[in-house]
Amino acid sequence: MTMSVCPACDETIKLPVRVNLGQRLTCPHCDTELEVIELDPVELDWAYDEFDDDLDDDDWDDDDNL
């Protein structure tokens with residue numbers, strides 16, 4: 001069995017025997033959404049969405065700053 005540490009609560013997490021890079025899982029201790037960022041040894045980090053759906057294209061309009 002593979003083990004790793006949650007970066008949010010520092011608790012040890014038992015992982016499936018096989019995990020994949022980029023695989024997402026939830027910490028059973030603190031419910032934080034995590035992502036596998038390294039495989040040897042397995043390392044977890046907070047899972048981030050690449051795009052924030054709350055942002056509007058108008059929020060990035062540089063014309064307002066001229």
# chains A, B, ... in the order shown; residues from 1 in each chain; ligands from 1
>>> residues_around(residues="segment 14-20 of chain A", least_positions_apart="2", cutoff="10 Å", atoms="only C-alpha atoms", output="mmCIF file with N, CA and C atoms, in the first residue's frame")
data_model
loop_
_atom_site.group_PDB
_atom_site.id
_atom_site.type_symbol
_atom_site.label_atom_id
_atom_site.label_comp_id
_atom_site.auth_asym_id
_atom_site.auth_seq_id
_atom_site.Cartn_x
_atom_site.Cartn_y
_atom_site.Cartn_z
ATOM 1 N N MET A 1 0.841 -1.178 0.000
ATOM 2 C CA MET A 1 0.000 0.000 0.000
ATOM 3 C C MET A 1 0.890 1.246 0.000
ATOM 4 N N THR A 2 0.453 2.265 -0.721
ATOM 5 C CA THR A 2 1.193 3.519 -0.820
ATOM 6 C C THR A 2 0.653 4.502 0.198
ATOM 7 N N MET A 3 1.547 5.277 0.790
ATOM 8 C CA MET A 3 1.157 6.275 1.786
ATOM 9 C C MET A 3 1.694 7.636 1.360
ATOM 10 N N SER A 4 0.987 8.684 1.760
ATOM 11 C CA SER A 4 1.451 10.044 1.537
ATOM 12 C C SER A 4 0.872 10.919 2.638
ATOM 13 N N VAL A 5 1.265 12.184 2.655
ATOM 14 C CA VAL A 5 0.827 13.106 3.701
ATOM 15 C C VAL A 5 -0.009 14.217 3.073
ATOM 16 N N GLU A 11 -1.969 14.785 7.978
ATOM 17 C CA GLU A 11 -2.296 13.404 8.315
ATOM 18 C C GLU A 11 -1.806 12.470 7.211
ATOM 19 N N THR A 12 -1.471 11.248 7.587
ATOM 20 C CA THR A 12 -1.051 10.245 6.615
ATOM 21 C C THR A 12 -2.279 9.682 5.910
ATOM 22 N N GLY A 22 -1.361 13.503 -11.581
ATOM 23 C CA GLY A 22 -2.526 14.322 -11.879
ATOM 24 C C GLY A 22 -3.830 13.771 -11.315
ATOM 25 N N GLN A 23 -3.774 12.578 -10.752
ATOM 26 C CA GLN A 23 -4.976 11.974 -10.171
ATOM 27 C C GLN A 23 -5.453 12.814 -9.000
ATOM 28 N N ARG A 24 -6.751 13.026 -8.901
ATOM 29 C CA ARG A 24 -7.334 13.799 -7.808
ATOM 30 C C ARG A 24 -7.990 12.860 -6.812
ATOM 31 N N LEU A 25 -7.909 13.241 -5.544
ATOM 32 C CA LEU A 25 -8.540 12.486 -4.484
ATOM 33 C C LEU A 25 -8.879 13.439 -3.349
ATOM 34 N N CYS A 27 -8.892 14.074 0.810
ATOM 35 C CA CYS A 27 -8.321 13.629 2.078
ATOM 36 C C CYS A 27 -9.452 13.115 2.968
ATOM 37 N N PRO A 28 -9.329 11.894 3.488
ATOM 38 C CA PRO A 28 -10.388 11.346 4.345
ATOM 39 C C PRO A 28 -10.437 12.004 5.723
ATOM 40 N N GLU A 35 -4.263 16.565 -5.323
ATOM 41 C CA GLU A 35 -3.820 16.060 -6.619
ATOM 42 C C GLU A 35 -2.442 15.436 -6.456
ATOM 43 N N VAL A 36 -2.204 14.322 -7.143
ATOM 44 C CA VAL A 36 -0.900 13.672 -7.129
ATOM 45 C C VAL A 36 0.034 14.484 -8.027
ATOM 46 N N ILE A 37 1.132 15.022 -7.437
ATOM 47 C CA ILE A 37 2.060 15.849 -8.211
ATOM 48 C C ILE A 37 3.411 15.174 -8.428
ATOM 49 N N GLU A 38 3.704 14.123 -7.687
ATOM 50 C CA GLU A 38 4.935 13.336 -7.850
ATOM 51 C C GLU A 38 4.588 11.876 -7.620
ATOM 52 N N LEU A 39 5.325 10.987 -8.295
ATOM 53 C CA LEU A 39 5.049 9.562 -8.156
ATOM 54 C C LEU A 39 6.085 8.796 -7.344
ATOM 55 N N VAL A 42 5.354 9.293 -3.783
ATOM 56 C CA VAL A 42 4.079 9.942 -4.064
ATOM 57 C C VAL A 42 3.970 11.193 -3.208
#
>>> atom_distance(atom1="atom CA of Glu33 of chain A", atom2="atom CA of Pro7 of chain A")
10.4 Å
>>> atom_distance(atom1="atom CA of Asp40 of chain A", atom2="atom CA of Ile13 of chain A")
15.6 Å
>>> residues_around(residues="Ala8 of chain A", least_positions_apart="3", cutoff="8 Å", atoms="only C-alpha atoms", output="tab-separated table (two decimals) with C-alpha atoms, in the first residue's frame")
chain	number	residue	atom	x	y	z
A	30	CYS	CA	-10.08	17.01	6.31
A	32	THR	CA	-9.46	18.75	1.09
A	46	TRP	CA	-3.91	21.06	-3.22
